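Remarks on the structure that follows.
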Amino acid sequence: MDALVFAIPLLPFLAALCIGIGHFSGFLTGVKSQAMTSRLAYSAINLSTLVALILLWAGYSDRLIGQAQAGMWLASDSLEVNLAFNTTGHGMLLSALYSLIFVVIFRFSRNYLHSESGYHRFFMLLCLFAGAMHLLLLSANSVGTFFGWELAGFCSFLLIAFAWHRDNASRNACSVFIVNRVGDAFFILGIVLCFSWLDTIDWEGINTGIATLSTGQANLVATSFIIAAMVKSVQFPFTWWINRSMEGPTPSSAVFYGAVMVHSGVFLLILMAPVLEQAPAAGYLLVIIGLLTFLYCTLCAQSQVDIKSSLGFATGGQLGLMFVECGAGLWQLALIHLCAHAVVRSYLYLSAPSILHNVHGNPVQPVTLNNRLLRWLSLASLHNFWLEEQTRQAITRPCMQLARELASMDDNIVDPLVGFPNAAVRSSASLAFREEQKIGARLEAGENSFSSGSGLAGKLTALIATLSGWFELQLVRKGVEKDLPEAGRRLGYIASSLEQGLLRPRYLVLFILVTVLFTF
């Protein structure tokens, strides 16, 4: 019976594949075929939900083994990545809950997006996302979870840019996509550390083997996954991207940033509860980050001028409280909070258009702020405390400067050496001239005894050799002698600039990080 678990992510994936093939082949296009697209997606989600509920009931009835394995996906030396899914535990509970939420959101989307130009594309991406979330929740190893993590983020990027012809939507989608790559990098680092120190990537092996590591190693593993969870669950200082993600349609905002995807970070923490309990610093970090996020989101949510942004910051505040609960070791409370918040927040997002319609035309009540501190807080929260700009100053701009300087080094140093520029040609000509003198070939006019010959052929050969020698002497060797001091000064300037650049703090930090990674 455990083998039924493979149908939970497989059915949405197959629906996405069928809709995608039908749409790009021209079979599913226009308003006439929208009913077929929605029926195909809705049927796949319903069947997936039915299977999830059956397995959830079977798990509570002790009818399941606990894991189903389809085989080995990848094997290299001691690394083995199995295609295995868990059929019991928190992942199965959330999979069943999210399946029910998917049913509601898919049913809502059928009418909400009717006659939209991207109707078929929307349902294809929504099915793909549903399969990715089930893969994230049910996978028995960290690599499978990471694939679901990445695929869900990719679907998020495409749905934020659903109205791709609008510059604002495309720009916001790119910003969200880039900041989420930070979390992905730390997720990969956590997997690498687990495999290096524990020789396993299975969640069960990681949770049981973490006790064999030192406190410093456990803290490093936990911190890597915590940063990945912080980015995914919009924790401070990455909270600002939740505001930019509201460019997508309301159903996608509900499923991504209200009910499902933003809770992935909290689920990752609950999944790694034994690891976090072995890392003393991790609990303090979670509590501090959660409280900062709750305070920041609470202030920002009070001054937002649109309902979706206000809901987004309210979501971040609740997720901050879940981080505090995880840091305090209240895992069951965090899980209950997650489930309840997913249901309530999805309802609030889906009802947002109706609320806007019903309150349209109502006068806005002015708020009087007599206190100077309150006025400053109101202004700062209206601009989200300029957190995005500060993040760009601390992360984005140094990375862009590094990219520009690396490109300049490629243009001025690497490309000329690889492409045989003038300097390299002159150097080669100088070396050739020295070799000619070494073997006794004097190609100057009147002294060309090396190339002398008899007859017409000999005279012709001597003439060609003389002309070649004159050409090299006049245009190559003397040119090198004239340009050599200038070339030396340029090379010295480049070397000095390179040395000064390498002494900058960000390059030293980059060098240390690369050294640490290669050490592992």
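Within each chain, counting starts at residue 1; across the structure tokens, chains are named A, B, ... in the order shown, with ligands numbered 1 upward in that order.
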
Per-residue nearest contacts region 84-187 of chain A to region 207-231 of chain A, cut-off 6 Å, using only C-alpha atoms, as a tab-separated table:
```
residue	atom	partner	partner_atom	distance
A:Gly183	CA	A:Ala228	CA	3.9
A:Phe186	CA	A:Ser224	CA	5.1
A:Phe187	CA	A:Ala228	CA	5.5
```

Would you mind listing what lies within 9 Å of region 332-349 of chain A as a VMD selection string, with only C-alpha atoms counted and same-chain residues fewer than 2 positions away left out? chain A and resid 90 94 97 to 98 101 105 250 to 251 253 to 255 257 to 260 263 266 to 267 270 307 to 308 311 315 318 to 319 321 to 326 329 to 330 351 to 353

Include N, CA and C atoms and write out the residues we just selected as a JSON list (two decimals), in the first residue's frame.
```json
[["chain", "number", "residue", "atom", "x", "y", "z"],
["A", 90, "HIS", "N", 5.21, 13.87, 9.50],
["A", 90, "HIS", "CA", 4.69, 15.22, 9.28],
["A", 90, "HIS", "C", 4.53, 15.53, 7.79],
["A", 94, "LEU", "N", 1.10, 17.06, 6.05],
["A", 94, "LEU", "CA", 1.05, 18.31, 5.28],
["A", 94, "LEU", "C", 0.69, 18.06, 3.83],
["A", 97, "LEU", "N", -3.04, 17.86, 3.78],
["A", 97, "LEU", "CA", -3.63, 19.19, 4.00],
["A", 97, "LEU", "C", -3.47, 20.07, 2.77],
["A", 98, "TYR", "N", -2.26, 20.10, 2.22],
["A", 98, "TYR", "CA", -2.02, 20.93, 1.04],
["A", 98, "TYR", "C", -2.84, 20.45, -0.16],
["A", 101, "ILE", "N", -6.13, 22.04, 0.11],
["A", 101, "ILE", "CA", -6.02, 23.46, -0.26],
["A", 101, "ILE", "C", -5.88, 23.61, -1.77],
["A", 105, "ILE", "N", -8.18, 25.91, -4.34],
["A", 105, "ILE", "CA", -7.57, 26.95, -5.16],
["A", 105, "ILE", "C", -7.75, 26.64, -6.65],
["A", 250, "THR", "N", -4.03, 36.40, -8.09],
["A", 250, "THR", "CA", -4.41, 36.16, -6.70],
["A", 250, "THR", "C", -4.39, 34.68, -6.32],
["A", 251, "PRO", "N", -4.86, 33.72, -7.14],
["A", 251, "PRO", "CA", -4.76, 32.31, -6.74],
["A", 251, "PRO", "C", -3.32, 31.85, -6.53],
["A", 253, "SER", "N", -0.82, 33.78, -5.60],
["A", 253, "SER", "CA", -0.38, 34.41, -4.35],
["A", 253, "SER", "C", -0.90, 33.63, -3.16],
["A", 254, "ALA", "N", -2.13, 33.15, -3.25],
["A", 254, "ALA", "CA", -2.71, 32.39, -2.15],
["A", 254, "ALA", "C", -1.98, 31.08, -1.92],
["A", 255, "VAL", "N", -1.67, 30.38, -3.00],
["A", 255, "VAL", "CA", -1.06, 29.07, -2.85],
["A", 255, "VAL", "C", 0.44, 29.15, -2.57],
["A", 257, "TYR", "N", 2.30, 32.17, -1.37],
["A", 257, "TYR", "CA", 2.74, 33.04, -0.29],
["A", 257, "TYR", "C", 1.73, 33.15, 0.83],
["A", 258, "GLY", "N", 0.67, 32.34, 0.77],
["A", 258, "GLY", "CA", -0.28, 32.32, 1.86],
["A", 258, "GLY", "C", -0.39, 30.96, 2.50],
["A", 259, "ALA", "N", -0.48, 29.91, 1.69],
["A", 259, "ALA", "CA", -0.80, 28.60, 2.23],
["A", 259, "ALA", "C", 0.34, 27.61, 2.17],
["A", 260, "VAL", "N", 1.13, 27.60, 1.11],
["A", 260, "VAL", "CA", 1.98, 26.43, 0.86],
["A", 260, "VAL", "C", 3.47, 26.77, 0.88],
["A", 263, "HIS", "N", 5.67, 28.22, 3.79],
["A", 263, "HIS", "CA", 5.81, 27.37, 4.98],
["A", 263, "HIS", "C", 6.87, 26.29, 4.79],
["A", 266, "VAL", "N", 9.65, 26.49, 7.44],
["A", 266, "VAL", "CA", 9.24, 25.98, 8.75],
["A", 266, "VAL", "C", 9.18, 24.46, 8.73],
["A", 267, "PHE", "N", 8.66, 23.88, 7.64],
["A", 267, "PHE", "CA", 8.63, 22.43, 7.53],
["A", 267, "PHE", "C", 10.04, 21.84, 7.57],
["A", 270, "ILE", "N", 11.15, 21.71, 11.16],
["A", 270, "ILE", "CA", 10.47, 20.63, 11.88],
["A", 270, "ILE", "C", 11.03, 19.29, 11.46],
["A", 307, "ILE", "N", -4.01, 45.57, -0.28],
["A", 307, "ILE", "CA", -4.40, 44.48, 0.62],
["A", 307, "ILE", "C", -3.46, 43.28, 0.50],
["A", 308, "LYS", "N", -2.95, 42.97, -0.67],
["A", 308, "LYS", "CA", -2.09, 41.80, -0.83],
["A", 308, "LYS", "C", -0.75, 42.02, -0.14],
["A", 311, "LEU", "N", -1.34, 41.54, 3.54],
["A", 311, "LEU", "CA", -1.43, 40.12, 3.86],
["A", 311, "LEU", "C", -0.07, 39.44, 3.80],
["A", 315, "THR", "N", 1.67, 37.50, 6.84],
["A", 315, "THR", "CA", 2.16, 36.13, 6.72],
["A", 315, "THR", "C", 3.58, 36.01, 7.26],
["A", 318, "GLN", "N", 3.60, 35.90, 11.11],
["A", 318, "GLN", "CA", 3.22, 34.59, 11.65],
["A", 318, "GLN", "C", 4.33, 33.56, 11.46],
["A", 319, "LEU", "N", 4.99, 33.62, 10.34],
["A", 319, "LEU", "CA", 6.12, 32.70, 10.12],
["A", 319, "LEU", "C", 7.24, 32.99, 11.12],
["A", 321, "LEU", "N", 6.82, 33.95, 14.19],
["A", 321, "LEU", "CA", 6.41, 33.29, 15.43],
["A", 321, "LEU", "C", 6.66, 31.78, 15.36],
["A", 322, "MET", "N", 6.47, 31.19, 14.18],
["A", 322, "MET", "CA", 6.77, 29.76, 14.03],
["A", 322, "MET", "C", 8.26, 29.49, 14.21],
["A", 323, "PHE", "N", 9.11, 30.41, 13.73],
["A", 323, "PHE", "CA", 10.55, 30.26, 13.95],
["A", 323, "PHE", "C", 10.88, 30.33, 15.44],
["A", 324, "VAL", "N", 10.21, 31.23, 16.16],
["A", 324, "VAL", "CA", 10.42, 31.32, 17.61],
["A", 324, "VAL", "C", 10.01, 30.01, 18.28],
["A", 325, "GLU", "N", 8.89, 29.45, 17.86],
["A", 325, "GLU", "CA", 8.44, 28.18, 18.44],
["A", 325, "GLU", "C", 9.43, 27.06, 18.16],
["A", 326, "CYS", "N", 9.97, 27.04, 16.95],
["A", 326, "CYS", "CA", 10.98, 26.01, 16.64],
["A", 326, "CYS", "C", 12.25, 26.24, 17.46],
["A", 329, "GLY", "N", 11.95, 24.85, 20.83],
["A", 329, "GLY", "CA", 11.74, 23.41, 20.90],
["A", 329, "GLY", "C", 10.29, 22.99, 20.94],
["A", 330, "LEU", "N", 9.36, 23.90, 20.64],
["A", 330, "LEU", "CA", 7.93, 23.58, 20.65],
["A", 330, "LEU", "C", 7.51, 23.10, 19.27],
["A", 351, "SER", "N", -10.21, 35.67, -0.64],
["A", 351, "SER", "CA", -11.32, 36.60, -0.43],
["A", 351, "SER", "C", -10.91, 38.06, -0.63],
["A", 352, "ALA", "N", -9.63, 38.32, -0.87],
["A", 352, "ALA", "CA", -9.16, 39.70, -1.04],
["A", 352, "ALA", "C", -9.86, 40.41, -2.19],
["A", 353, "PRO", "N", -10.03, 39.81, -3.38],
["A", 353, "PRO", "CA", -10.75, 40.52, -4.45],
["A", 353, "PRO", "C", -12.18, 40.89, -4.07]]
```

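Of the listed residues A:Pro237, A:Pro363, A:Gly30, A:Gly190, the one whose atoms come nearest to Met272 (chain A) is A:Gly190, with distances taken using only C-alpha atoms.
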
Contacts of Asp199 (chain A) at 12 Å or less, counting only C-alpha atoms, minus same-chain residues fewer than 2 places along, as an MDAnalysis selection string? chainID A and resid 77:81 191:197 201:203 205:206 209:210 212:213

Dump N, CA and C atoms for the selected residues as a JSON list (two decimals), in the first residue's frame?
```json
[["chain", "number", "residue", "atom", "x", "y", "z"],
["A", 77, "ASP", "N", 30.49, 6.11, -6.05],
["A", 77, "ASP", "CA", 31.32, 5.76, -4.91],
["A", 77, "ASP", "C", 30.41, 5.48, -3.71],
["A", 78, "SER", "N", 30.54, 6.24, -2.62],
["A", 78, "SER", "CA", 29.70, 6.00, -1.44],
["A", 78, "SER", "C", 28.40, 6.80, -1.47],
["A", 79, "LEU", "N", 28.23, 7.66, -2.47],
["A", 79, "LEU", "CA", 27.01, 8.45, -2.58],
["A", 79, "LEU", "C", 25.92, 7.64, -3.26],
["A", 80, "GLU", "N", 24.79, 7.51, -2.59],
["A", 80, "GLU", "CA", 23.63, 6.81, -3.14],
["A", 80, "GLU", "C", 22.39, 7.68, -2.93],
["A", 81, "VAL", "N", 21.73, 8.00, -4.03],
["A", 81, "VAL", "CA", 20.50, 8.79, -3.98],
["A", 81, "VAL", "C", 19.36, 7.90, -4.44],
["A", 191, "ILE", "N", 23.71, 20.03, 2.49],
["A", 191, "ILE", "CA", 23.76, 18.66, 1.97],
["A", 191, "ILE", "C", 25.21, 18.18, 1.87],
["A", 192, "VAL", "N", 26.10, 19.04, 1.37],
["A", 192, "VAL", "CA", 27.51, 18.67, 1.23],
["A", 192, "VAL", "C", 28.14, 18.38, 2.59],
["A", 193, "LEU", "N", 27.83, 19.21, 3.58],
["A", 193, "LEU", "CA", 28.39, 18.99, 4.92],
["A", 193, "LEU", "C", 27.87, 17.68, 5.52],
["A", 194, "CYS", "N", 26.60, 17.39, 5.33],
["A", 194, "CYS", "CA", 26.04, 16.14, 5.85],
["A", 194, "CYS", "C", 26.70, 14.93, 5.19],
["A", 195, "PHE", "N", 26.90, 14.99, 3.91],
["A", 195, "PHE", "CA", 27.52, 13.86, 3.22],
["A", 195, "PHE", "C", 29.00, 13.72, 3.60],
["A", 196, "SER", "N", 29.68, 14.86, 3.81],
["A", 196, "SER", "CA", 31.10, 14.82, 4.14],
["A", 196, "SER", "C", 31.34, 14.28, 5.55],
["A", 197, "TRP", "N", 30.49, 14.68, 6.48],
["A", 197, "TRP", "CA", 30.72, 14.32, 7.88],
["A", 197, "TRP", "C", 29.92, 13.11, 8.33],
["A", 201, "ILE", "N", 22.82, 11.21, 3.00],
["A", 201, "ILE", "CA", 21.97, 12.35, 2.65],
["A", 201, "ILE", "C", 20.51, 12.07, 2.98],
["A", 202, "ASP", "N", 20.22, 10.90, 3.55],
["A", 202, "ASP", "CA", 18.86, 10.56, 3.96],
["A", 202, "ASP", "C", 18.51, 11.32, 5.23],
["A", 203, "TRP", "N", 17.30, 11.80, 5.33],
["A", 203, "TRP", "CA", 16.89, 12.58, 6.49],
["A", 203, "TRP", "C", 16.98, 11.74, 7.77],
["A", 205, "GLY", "N", 19.05, 9.26, 8.38],
["A", 205, "GLY", "CA", 20.45, 9.11, 8.73],
["A", 205, "GLY", "C", 21.05, 10.41, 9.26],
["A", 206, "ILE", "N", 20.64, 11.54, 8.71],
["A", 206, "ILE", "CA", 21.13, 12.84, 9.19],
["A", 206, "ILE", "C", 20.66, 13.10, 10.61],
["A", 209, "GLY", "N", 22.47, 10.57, 12.96],
["A", 209, "GLY", "CA", 23.92, 10.66, 12.99],
["A", 209, "GLY", "C", 24.46, 11.98, 13.48],
["A", 210, "ILE", "N", 23.59, 12.99, 13.63],
["A", 210, "ILE", "CA", 24.07, 14.31, 14.04],
["A", 210, "ILE", "C", 24.67, 14.27, 15.44],
["A", 212, "THR", "N", 26.78, 12.25, 16.58],
["A", 212, "THR", "CA", 28.19, 11.85, 16.53],
["A", 212, "THR", "C", 29.12, 13.01, 16.17],
["A", 213, "LEU", "N", 28.56, 14.14, 15.77],
["A", 213, "LEU", "CA", 29.37, 15.29, 15.38],
["A", 213, "LEU", "C", 29.68, 16.17, 16.59]]
```

Identify, on the basis of only C-alpha atoms, every residue whose closest approach to Leu158 (chain A) does not exceed 12 Å; exclude the query and any residue fewer than 3 positions from it along the same chain; express the result as a short mmCIF file (atom, residue, chain, number, x, y, z; two decimals) with N, CA, C and O atoms, in the first residue's frame.
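Contents of around-v9.cif, as written:
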```
data_model
loop_
_atom_site.label_atom_id
_atom_site.label_comp_id
_atom_site.auth_asym_id
_atom_site.auth_seq_id
_atom_site.Cartn_x
_atom_site.Cartn_y
_atom_site.Cartn_z
N GLY A 118 -3.41 33.82 -20.52
CA GLY A 118 -2.46 32.82 -20.03
C GLY A 118 -3.11 31.72 -19.23
O GLY A 118 -2.47 31.13 -18.34
N ARG A 121 -1.36 28.26 -19.56
CA ARG A 121 -0.03 28.35 -18.95
C ARG A 121 -0.15 28.36 -17.42
O ARG A 121 0.66 27.74 -16.72
N PHE A 122 -1.16 29.05 -16.90
CA PHE A 122 -1.34 29.13 -15.45
C PHE A 122 -1.60 27.74 -14.86
O PHE A 122 -0.98 27.35 -13.86
N PHE A 123 -2.51 26.99 -15.45
CA PHE A 123 -2.84 25.68 -14.90
C PHE A 123 -1.70 24.69 -15.09
O PHE A 123 -1.50 23.79 -14.26
N MET A 124 -0.94 24.82 -16.14
CA MET A 124 0.24 23.96 -16.30
C MET A 124 1.23 24.21 -15.17
O MET A 124 1.74 23.27 -14.55
N LEU A 125 1.52 25.49 -14.88
CA LEU A 125 2.47 25.82 -13.82
C LEU A 125 1.93 25.47 -12.44
O LEU A 125 2.69 25.05 -11.56
N LEU A 126 0.62 25.62 -12.25
CA LEU A 126 0.04 25.28 -10.95
C LEU A 126 0.11 23.77 -10.70
O LEU A 126 0.39 23.34 -9.57
N LEU A 128 2.40 21.79 -12.02
CA LEU A 128 3.83 21.54 -11.81
C LEU A 128 4.23 21.90 -10.39
O LEU A 128 5.00 21.17 -9.74
N PHE A 129 3.70 23.00 -9.89
CA PHE A 129 4.01 23.40 -8.52
C PHE A 129 3.44 22.41 -7.51
O PHE A 129 4.09 22.10 -6.49
N LEU A 151 12.20 23.32 -7.80
CA LEU A 151 11.13 23.36 -8.79
C LEU A 151 9.99 24.25 -8.33
O LEU A 151 9.39 24.98 -9.13
N ALA A 152 9.69 24.23 -7.05
CA ALA A 152 8.65 25.13 -6.52
C ALA A 152 9.07 26.59 -6.68
O ALA A 152 8.25 27.45 -7.05
N GLY A 153 10.35 26.89 -6.42
CA GLY A 153 10.83 28.26 -6.61
C GLY A 153 10.80 28.70 -8.06
O GLY A 153 10.50 29.86 -8.37
N PHE A 154 11.08 27.76 -8.97
CA PHE A 154 11.03 28.09 -10.40
C PHE A 154 9.60 28.39 -10.83
O PHE A 154 9.37 29.34 -11.59
N CYS A 155 8.63 27.62 -10.35
CA CYS A 155 7.23 27.89 -10.66
C CYS A 155 6.80 29.23 -10.09
O CYS A 155 6.03 29.97 -10.71
N ALA A 161 5.92 36.42 -12.81
CA ALA A 161 6.03 37.06 -14.13
C ALA A 161 4.93 36.59 -15.07
O ALA A 161 5.12 36.52 -16.28
N PHE A 162 3.76 36.25 -14.52
CA PHE A 162 2.65 35.77 -15.34
C PHE A 162 2.29 36.80 -16.41
O PHE A 162 2.10 36.48 -17.57
N ALA A 163 2.22 38.08 -16.01
CA ALA A 163 2.01 39.17 -16.97
C ALA A 163 3.38 39.64 -17.44
O ALA A 163 3.83 40.74 -17.12
N TRP A 164 4.06 38.81 -18.22
CA TRP A 164 5.47 39.04 -18.57
C TRP A 164 5.66 40.31 -19.41
O TRP A 164 6.76 40.85 -19.47
N ALA A 169 6.34 43.45 -13.45
CA ALA A 169 6.20 42.03 -13.11
C ALA A 169 7.48 41.25 -13.40
O ALA A 169 7.94 40.44 -12.59
N SER A 170 8.08 41.50 -14.56
CA SER A 170 9.32 40.80 -14.91
C SER A 170 10.45 41.18 -13.96
O SER A 170 11.24 40.33 -13.54
N ARG A 171 10.53 42.46 -13.61
CA ARG A 171 11.60 42.92 -12.72
C ARG A 171 11.45 42.32 -11.33
O ARG A 171 12.43 41.86 -10.73
N ASN A 172 10.22 42.29 -10.82
CA ASN A 172 10.00 41.72 -9.50
C ASN A 172 10.26 40.22 -9.48
O ASN A 172 10.79 39.68 -8.50
N ALA A 173 9.88 39.53 -10.55
CA ALA A 173 10.13 38.09 -10.63
C ALA A 173 11.63 37.80 -10.59
O ALA A 173 12.08 36.88 -9.91
N CYS A 174 12.41 38.60 -11.31
CA CYS A 174 13.87 38.40 -11.31
C CYS A 174 14.46 38.68 -9.94
O CYS A 174 15.36 37.96 -9.49
N VAL A 176 12.98 38.35 -6.97
CA VAL A 176 12.63 37.24 -6.09
C VAL A 176 13.45 36.00 -6.44
O VAL A 176 13.93 35.27 -5.55
N PHE A 177 13.64 35.75 -7.71
CA PHE A 177 14.39 34.57 -8.15
C PHE A 177 15.84 34.66 -7.66
O PHE A 177 16.41 33.67 -7.19
N SER A 245 6.58 39.80 -4.59
CA SER A 245 6.01 38.58 -5.17
C SER A 245 4.52 38.69 -5.44
O SER A 245 3.93 37.75 -5.98
N GLU A 247 2.95 40.32 -7.57
CA GLU A 247 2.61 40.68 -8.95
C GLU A 247 1.82 39.57 -9.65
O GLU A 247 1.17 39.82 -10.66
N GLY A 248 1.89 38.35 -9.15
CA GLY A 248 1.19 37.24 -9.79
C GLY A 248 -0.31 37.29 -9.55
O GLY A 248 -0.81 38.10 -8.75
N PRO A 249 -1.08 36.44 -10.22
CA PRO A 249 -2.53 36.38 -9.99
C PRO A 249 -2.85 36.02 -8.55
O PRO A 249 -2.04 35.39 -7.85
N SER A 252 -2.40 32.30 -7.37
CA SER A 252 -1.00 31.91 -7.18
C SER A 252 -0.42 32.55 -5.92
O SER A 252 0.37 31.93 -5.21
N PHE A 256 1.10 30.17 -3.10
CA PHE A 256 2.54 30.29 -2.91
C PHE A 256 2.87 30.98 -1.59
O PHE A 256 3.67 30.48 -0.80
#
```

Could you list, as a short mmCIF file (atom, residue, chain, number, x, y, z; two decimals) with N, CA and C atoms, in the first residue's frame, every residue within 12 Å of Gly89 (chain A), counting only C-alpha atoms and ignoring same-chain residues fewer than 4 positions away?
```cif
data_model
loop_
_atom_site.label_atom_id
_atom_site.label_comp_id
_atom_site.auth_asym_id
_atom_site.auth_seq_id
_atom_site.Cartn_x
_atom_site.Cartn_y
_atom_site.Cartn_z
N LEU A 55 -3.70 7.34 2.25
CA LEU A 55 -2.44 7.01 2.91
C LEU A 55 -2.37 7.62 4.31
N LEU A 56 -2.93 8.81 4.50
CA LEU A 56 -2.95 9.40 5.83
C LEU A 56 -3.77 8.55 6.79
N TRP A 57 -4.93 8.09 6.33
CA TRP A 57 -5.76 7.20 7.16
C TRP A 57 -5.05 5.88 7.43
N ALA A 58 -4.40 5.34 6.40
CA ALA A 58 -3.70 4.07 6.58
C ALA A 58 -2.53 4.21 7.54
N GLY A 59 -1.86 5.37 7.52
CA GLY A 59 -0.75 5.58 8.44
C GLY A 59 -1.21 5.64 9.89
N TYR A 60 -2.32 6.32 10.15
CA TYR A 60 -2.83 6.37 11.51
C TYR A 60 -3.43 5.03 11.94
N ASP A 62 -1.90 2.20 11.26
CA ASP A 62 -0.75 1.28 11.30
C ASP A 62 -0.80 0.24 10.20
N LEU A 64 0.84 0.85 7.23
CA LEU A 64 1.91 1.18 6.32
C LEU A 64 3.27 0.85 6.93
N ILE A 65 4.23 0.60 6.06
CA ILE A 65 5.60 0.35 6.50
C ILE A 65 6.27 1.64 6.91
N GLY A 66 5.99 2.71 6.18
CA GLY A 66 6.57 4.00 6.50
C GLY A 66 7.39 4.60 5.39
N GLN A 67 7.76 3.80 4.38
CA GLN A 67 8.57 4.31 3.29
C GLN A 67 8.39 3.42 2.07
N PHE A 85 10.15 7.72 -0.94
CA PHE A 85 9.19 8.65 -0.34
C PHE A 85 8.75 8.11 1.01
N LEU A 93 1.20 14.26 6.58
CA LEU A 93 0.11 15.08 7.09
C LEU A 93 -0.02 16.38 6.29
N LEU A 94 1.10 17.06 6.05
CA LEU A 94 1.05 18.31 5.28
C LEU A 94 0.69 18.06 3.83
N SER A 95 1.11 16.93 3.28
CA SER A 95 0.75 16.62 1.90
C SER A 95 -0.76 16.48 1.75
N ALA A 96 -1.41 15.82 2.71
CA ALA A 96 -2.87 15.69 2.66
C ALA A 96 -3.55 17.05 2.84
N LEU A 137 7.75 17.55 0.26
CA LEU A 137 7.23 17.09 1.54
C LEU A 137 7.49 15.60 1.79
N LEU A 138 7.44 14.80 0.74
CA LEU A 138 7.44 13.35 0.91
C LEU A 138 8.80 12.70 0.69
N SER A 139 9.74 13.39 0.10
CA SER A 139 11.03 12.77 -0.22
C SER A 139 11.74 12.32 1.05
N ALA A 140 12.38 11.15 0.99
CA ALA A 140 13.07 10.58 2.14
C ALA A 140 14.51 11.03 2.25
N GLU A 204 16.62 10.49 7.69
CA GLU A 204 16.69 9.65 8.88
C GLU A 204 18.14 9.48 9.34
N PHE A 267 8.66 23.88 7.64
CA PHE A 267 8.63 22.43 7.53
C PHE A 267 10.04 21.84 7.57
N ILE A 270 11.15 21.71 11.16
CA ILE A 270 10.47 20.63 11.88
C ILE A 270 11.03 19.29 11.46
N LEU A 271 11.33 19.14 10.18
CA LEU A 271 11.90 17.89 9.68
C LEU A 271 13.26 17.61 10.29
N LEU A 335 3.98 22.94 14.36
CA LEU A 335 3.26 22.20 13.32
C LEU A 335 1.78 22.58 13.30
#
```
